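First the structure, in the form of structure tokens, and then the observations on it.
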Amino acid sequence: MKKKGSLNLSIEAIVVVVIAFTVLGLGLTFVKTQIGDIGKTASSIQEQISQQILDDLRTGNKKLSFPATKLNLATNEESVQAIGLKNTEDSPVEVIIGFQVKSGNDFPDFKSEQVLPFKNGAIDVKAKISWDDSTQKLKPGESKVFPVTMTAPDKTGNYLYKIIIKKAGTGEEFDSRTFFIKTS
């Protein structure tokens, strides 16, 4: 009789292990599906933001659209944003997108994908912005959206940034906007 009891215990243990693996497999499948849905949702949101920027440029007579006036980020956090440009002139225009940050009384220029050291008062700070810094051609009335990856400064504080669009060749300002990045 002792052998029969131990055999029942072994079968019960096997059943519990099989049920546990089944539940674990279902749980992993559920998590994988949810993560895939999050990626689709993020892409959808980015597409909606791009569409809103284009709609904003179409309805207003703006040359430059940037949806944020203030970004709240953690130090060294990356944020993907989008800027929109519209040629409101009657002829084609070639422009170059640039970024600056206030450092004392100056506005030093960022170079795409390079860390820019600057001062915020007496504090040495570093930040980075990545974007397509090549010449952009816009036909009359044409609007385009450009993605920008901003890496927040490495120190806490409130920083004034400037998007400056210049005409290629002449360096004449096409348009500009300011915004803040607040780090914590």
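So you can find residues: chains in the structure tokens are A, B, ... in the order shown, residues in each start at 1, and ligands are numbered from 1 in order.
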
Worksheet item: Tell me, which residues of chain A carry DSSP helix (DSSP H, G or I), written as a VMD selection string?
Response: chain A and resid 2 to 59

Only C-alpha atoms, please: the residues just picked out, written as a compact mmCIF listing (two decimals), in the first residue's frame.
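That gives us selection-v3.txt:
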```txt
# COMPACT_ATOMS: atom_id res chain seq x y z
CA LYS A 2 2.86 2.36 0.56
CA LYS A 3 3.89 2.08 -3.07
CA LYS A 4 0.39 2.91 -4.31
CA GLY A 5 0.30 6.08 -2.17
CA SER A 6 3.65 7.29 -3.46
CA LEU A 7 2.56 6.66 -7.06
CA ASN A 8 -0.53 8.88 -6.54
CA LEU A 9 1.66 11.60 -5.09
CA SER A 10 3.96 11.45 -8.14
CA ILE A 11 1.03 11.74 -10.57
CA GLU A 12 -0.34 14.73 -8.62
CA ALA A 13 3.08 16.40 -8.74
CA ILE A 14 3.30 15.85 -12.50
CA VAL A 15 -0.20 17.31 -13.00
CA VAL A 16 0.72 20.38 -10.93
CA VAL A 17 3.94 20.88 -12.94
CA VAL A 18 2.06 20.54 -16.28
CA ILE A 19 -0.57 23.06 -15.15
CA ALA A 20 2.14 25.45 -13.95
CA PHE A 21 3.97 25.31 -17.31
CA THR A 22 0.70 25.82 -19.18
CA VAL A 23 -0.17 28.89 -17.12
CA LEU A 24 3.39 30.20 -17.51
CA GLY A 25 3.21 29.75 -21.29
CA LEU A 26 -0.13 31.54 -21.47
CA GLY A 27 1.25 34.36 -19.32
CA LEU A 28 4.32 34.80 -21.51
CA THR A 29 2.17 34.82 -24.66
CA PHE A 30 -0.07 37.48 -23.11
CA VAL A 31 2.90 39.68 -22.14
CA LYS A 32 4.48 39.31 -25.58
CA THR A 33 1.21 40.33 -27.23
CA GLN A 34 0.87 43.37 -24.97
CA ILE A 35 4.43 44.51 -25.70
CA GLY A 36 3.75 44.22 -29.43
CA ASP A 37 0.58 46.29 -29.00
CA ILE A 38 2.54 48.98 -27.12
CA GLY A 39 4.95 49.30 -30.06
CA LYS A 40 2.03 49.66 -32.48
CA THR A 41 0.42 52.24 -30.20
CA ALA A 42 3.64 54.28 -29.99
CA SER A 43 3.95 54.28 -33.80
CA SER A 44 0.33 55.31 -34.10
CA ILE A 45 0.81 58.18 -31.65
CA GLN A 46 3.90 59.42 -33.51
CA GLU A 47 1.93 59.30 -36.76
CA GLN A 48 -0.92 61.29 -35.16
CA ILE A 49 1.52 63.92 -33.87
CA SER A 50 3.05 64.27 -37.34
CA GLN A 51 -0.43 64.66 -38.81
CA GLN A 52 -1.33 67.30 -36.20
CA ILE A 53 1.82 69.24 -37.02
CA LEU A 54 1.01 69.15 -40.74
CA ASP A 55 -2.59 70.22 -40.03
CA ASP A 56 -1.29 73.07 -37.86
CA LEU A 57 0.97 74.24 -40.68
CA ARG A 58 -1.85 74.01 -43.24
CA THR A 59 -4.44 75.91 -41.21
```

Worksheet entry | region 96-103 of chain A environment, 6 Å, only C-alpha atoms, sequence neighbours closer than 2 positions dropped, as a list in words |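 These residues fall inside the cut-off: Asp106, Phe107, Pro108, Asp109, Phe110, Phe118, Lys119, Asn120, Asp133, Thr135, Leu160, Tyr161, Lys162, Ile163, Ile164, Ile165, Lys166 and Ala168 of chain A.
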
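Remark: for Ser65 (chain A), the closest of the candidate residues A:Met150, A:Gly104, A:Lys182, A:Ser143 is A:Ser143 (distances computed over only C-alpha atoms).
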
Worksheet item: What lies within 8 Å of Ala127 (chain A) using only C-alpha atoms, ignoring chain neighbours under 4 positions off, as a list in words?
Response: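 Residues meeting the cut-off are Asn76, Val115, Leu116, Pro117, Thr151, Ala152, Pro153 and Asp154 of chain A.
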
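Near Pro140 (chain A), within a cut-off of 12 Å and counting only C-alpha atoms, sit the residues Lys63, Leu85, Lys86, Asn87, Thr88, Glu89, Asp90, Ser91, Pro92, Val93, Glu94, Lys137, Ser143 and Lys144 of chain A, with same-chain residues fewer than 3 positions away left out.
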
Could the residues in this selection be written to a file with C-alpha atoms, as a PDB file, in the first residue's frame?
```pdb
ATOM      1  CA  LYS A  63       6.641  78.410 -41.300  1.00  0.00           C
ATOM      2  CA  LEU A  85       8.323  73.208 -41.734  1.00  0.00           C
ATOM      3  CA  LYS A  86       6.197  74.913 -44.372  1.00  0.00           C
ATOM      4  CA  ASN A  87       7.329  77.015 -47.302  1.00  0.00           C
ATOM      5  CA  THR A  88       4.988  80.007 -47.265  1.00  0.00           C
ATOM      6  CA  GLU A  89       6.897  81.692 -50.080  1.00  0.00           C
ATOM      7  CA  ASP A  90       5.994  81.653 -53.791  1.00  0.00           C
ATOM      8  CA  SER A  91       9.266  80.030 -54.848  1.00  0.00           C
ATOM      9  CA  PRO A  92      11.170  76.918 -53.736  1.00  0.00           C
ATOM     10  CA  VAL A  93      13.336  77.375 -50.670  1.00  0.00           C
ATOM     11  CA  GLU A  94      16.293  75.479 -49.251  1.00  0.00           C
ATOM     12  CA  LYS A 137      14.262  71.575 -50.079  1.00  0.00           C
ATOM     13  CA  SER A 143       5.026  71.053 -45.612  1.00  0.00           C
ATOM     14  CA  LYS A 144       7.314  68.409 -44.107  1.00  0.00           C
TER      15      LYS A 144
END
```

Worksheet item: If you measure from CA of Lys70 (chain A) to CA of Glu113 (chain A), what distance in Å do you get, rounded to one decimal?
Response: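 Rounded to one decimal, the two atoms are 21.6 Å apart.
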
Fill in: For CA of Ile83 (chain A) and CA of Glu142 (chain A), the interatomic separation in Å (one decimal)
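CA of Ile83 (chain A) sits 14.1 Å away from CA of Glu142 (chain A).
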
Identify all residues of region 126-175 of chain A in strand (DSSP E or B) (DSSP on the backbone) and supply them as a PDB file with N, CA and C atoms, in the first residue's frame.
```
ATOM      1  N   LYS A 126      26.145  69.213 -20.156  1.00  0.00           N
ATOM      2  CA  LYS A 126      26.295  68.597 -21.474  1.00  0.00           C
ATOM      3  C   LYS A 126      24.934  68.113 -21.942  1.00  0.00           C
ATOM      4  N   ALA A 127      24.664  68.271 -23.244  1.00  0.00           N
ATOM      5  CA  ALA A 127      23.416  67.801 -23.844  1.00  0.00           C
ATOM      6  C   ALA A 127      23.689  67.429 -25.293  1.00  0.00           C
ATOM      7  N   LYS A 128      22.717  66.746 -25.907  1.00  0.00           N
ATOM      8  CA  LYS A 128      22.896  66.300 -27.283  1.00  0.00           C
ATOM      9  C   LYS A 128      21.554  66.315 -28.006  1.00  0.00           C
ATOM     10  N   ILE A 129      21.584  66.656 -29.287  1.00  0.00           N
ATOM     11  CA  ILE A 129      20.400  66.599 -30.140  1.00  0.00           C
ATOM     12  C   ILE A 129      20.818  65.930 -31.451  1.00  0.00           C
ATOM     13  N   SER A 130      19.971  65.031 -31.936  1.00  0.00           N
ATOM     14  CA  SER A 130      20.231  64.356 -33.217  1.00  0.00           C
ATOM     15  C   SER A 130      19.090  64.685 -34.179  1.00  0.00           C
ATOM     16  N   GLN A 136      17.387  71.088 -46.589  1.00  0.00           N
ATOM     17  CA  GLN A 136      16.034  70.594 -46.864  1.00  0.00           C
ATOM     18  C   GLN A 136      15.415  71.472 -47.947  1.00  0.00           C
ATOM     19  N   LYS A 137      14.884  70.842 -48.978  1.00  0.00           N
ATOM     20  CA  LYS A 137      14.262  71.575 -50.079  1.00  0.00           C
ATOM     21  C   LYS A 137      12.746  71.507 -49.935  1.00  0.00           C
ATOM     22  N   LEU A 138      12.113  72.676 -49.976  1.00  0.00           N
ATOM     23  CA  LEU A 138      10.661  72.761 -49.879  1.00  0.00           C
ATOM     24  C   LEU A 138      10.109  73.505 -51.082  1.00  0.00           C
ATOM     25  N   SER A 143       4.765  71.240 -47.045  1.00  0.00           N
ATOM     26  CA  SER A 143       5.026  71.053 -45.612  1.00  0.00           C
ATOM     27  C   SER A 143       5.694  69.706 -45.401  1.00  0.00           C
ATOM     28  N   LYS A 144       6.636  69.656 -44.464  1.00  0.00           N
ATOM     29  CA  LYS A 144       7.314  68.409 -44.107  1.00  0.00           C
ATOM     30  C   LYS A 144       7.500  68.350 -42.601  1.00  0.00           C
ATOM     31  N   VAL A 145       7.539  67.113 -42.096  1.00  0.00           N
ATOM     32  CA  VAL A 145       7.780  66.881 -40.673  1.00  0.00           C
ATOM     33  C   VAL A 145       9.128  66.185 -40.529  1.00  0.00           C
ATOM     34  N   PHE A 146       9.931  66.641 -39.561  1.00  0.00           N
ATOM     35  CA  PHE A 146      11.262  66.086 -39.330  1.00  0.00           C
ATOM     36  C   PHE A 146      11.379  65.587 -37.894  1.00  0.00           C
ATOM     37  N   PRO A 147      11.816  64.328 -37.695  1.00  0.00           N
ATOM     38  CA  PRO A 147      12.006  63.819 -36.334  1.00  0.00           C
ATOM     39  C   PRO A 147      13.294  64.351 -35.725  1.00  0.00           C
ATOM     40  N   VAL A 148      13.259  64.525 -34.407  1.00  0.00           N
ATOM     41  CA  VAL A 148      14.410  65.043 -33.664  1.00  0.00           C
ATOM     42  C   VAL A 148      14.519  64.236 -32.367  1.00  0.00           C
ATOM     43  N   THR A 149      15.719  63.747 -32.054  1.00  0.00           N
ATOM     44  CA  THR A 149      15.944  63.060 -30.784  1.00  0.00           C
ATOM     45  C   THR A 149      16.750  63.991 -29.892  1.00  0.00           C
ATOM     46  N   MET A 150      16.150  64.341 -28.769  1.00  0.00           N
ATOM     47  CA  MET A 150      16.806  65.250 -27.825  1.00  0.00           C
ATOM     48  C   MET A 150      17.226  64.473 -26.590  1.00  0.00           C
ATOM     49  N   THR A 151      18.487  64.603 -26.229  1.00  0.00           N
ATOM     50  CA  THR A 151      18.976  64.024 -24.980  1.00  0.00           C
ATOM     51  C   THR A 151      19.063  65.160 -23.970  1.00  0.00           C
ATOM     52  N   GLY A 157      17.836  71.233 -13.906  1.00  0.00           N
ATOM     53  CA  GLY A 157      17.684  72.660 -14.149  1.00  0.00           C
ATOM     54  C   GLY A 157      16.649  72.926 -15.225  1.00  0.00           C
ATOM     55  N   ASN A 158      16.538  74.195 -15.583  1.00  0.00           N
ATOM     56  CA  ASN A 158      15.617  74.636 -16.627  1.00  0.00           C
ATOM     57  C   ASN A 158      16.447  75.290 -17.718  1.00  0.00           C
ATOM     58  N   TYR A 159      16.349  74.794 -18.944  1.00  0.00           N
ATOM     59  CA  TYR A 159      17.228  75.220 -20.032  1.00  0.00           C
ATOM     60  C   TYR A 159      16.408  75.764 -21.193  1.00  0.00           C
ATOM     61  N   LEU A 160      16.842  76.905 -21.721  1.00  0.00           N
ATOM     62  CA  LEU A 160      16.177  77.529 -22.858  1.00  0.00           C
ATOM     63  C   LEU A 160      16.848  77.077 -24.149  1.00  0.00           C
ATOM     64  N   TYR A 161      16.067  76.445 -25.017  1.00  0.00           N
ATOM     65  CA  TYR A 161      16.547  75.979 -26.318  1.00  0.00           C
ATOM     66  C   TYR A 161      15.898  76.817 -27.413  1.00  0.00           C
ATOM     67  N   LYS A 162      16.526  76.802 -28.576  1.00  0.00           N
ATOM     68  CA  LYS A 162      16.000  77.542 -29.718  1.00  0.00           C
ATOM     69  C   LYS A 162      16.153  76.697 -30.974  1.00  0.00           C
ATOM     70  N   ILE A 163      15.051  76.569 -31.714  1.00  0.00           N
ATOM     71  CA  ILE A 163      15.097  75.963 -33.048  1.00  0.00           C
ATOM     72  C   ILE A 163      15.255  77.133 -34.003  1.00  0.00           C
ATOM     73  N   ILE A 164      16.262  77.090 -34.832  1.00  0.00           N
ATOM     74  CA  ILE A 164      16.474  78.168 -35.784  1.00  0.00           C
ATOM     75  C   ILE A 164      16.602  77.577 -37.182  1.00  0.00           C
ATOM     76  N   ILE A 165      15.755  78.067 -38.077  1.00  0.00           N
ATOM     77  CA  ILE A 165      15.753  77.605 -39.460  1.00  0.00           C
ATOM     78  C   ILE A 165      16.355  78.725 -40.297  1.00  0.00           C
ATOM     79  N   LYS A 166      17.429  78.386 -41.015  1.00  0.00           N
ATOM     80  CA  LYS A 166      18.106  79.384 -41.852  1.00  0.00           C
ATOM     81  C   LYS A 166      18.026  78.973 -43.317  1.00  0.00           C
ATOM     82  N   LYS A 167      17.980  79.972 -44.167  1.00  0.00           N
ATOM     83  CA  LYS A 167      18.013  79.700 -45.605  1.00  0.00           C
ATOM     84  C   LYS A 167      19.421  79.257 -45.980  1.00  0.00           C
ATOM     85  N   GLU A 173      17.677  84.147 -41.551  1.00  0.00           N
ATOM     86  CA  GLU A 173      16.735  83.390 -40.730  1.00  0.00           C
ATOM     87  C   GLU A 173      15.403  83.233 -41.453  1.00  0.00           C
ATOM     88  N   PHE A 174      14.945  81.991 -41.578  1.00  0.00           N
ATOM     89  CA  PHE A 174      13.652  81.655 -42.182  1.00  0.00           C
ATOM     90  C   PHE A 174      12.572  81.721 -41.107  1.00  0.00           C
ATOM     91  N   ASP A 175      12.852  81.156 -39.934  1.00  0.00           N
ATOM     92  CA  ASP A 175      11.952  81.202 -38.777  1.00  0.00           C
ATOM     93  C   ASP A 175      12.673  80.615 -37.570  1.00  0.00           C
TER      94      ASP A 175
END
```

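Put simply, CA of Ser134 (chain A) is 15.0 Å away from CA of Thr170 (chain A).
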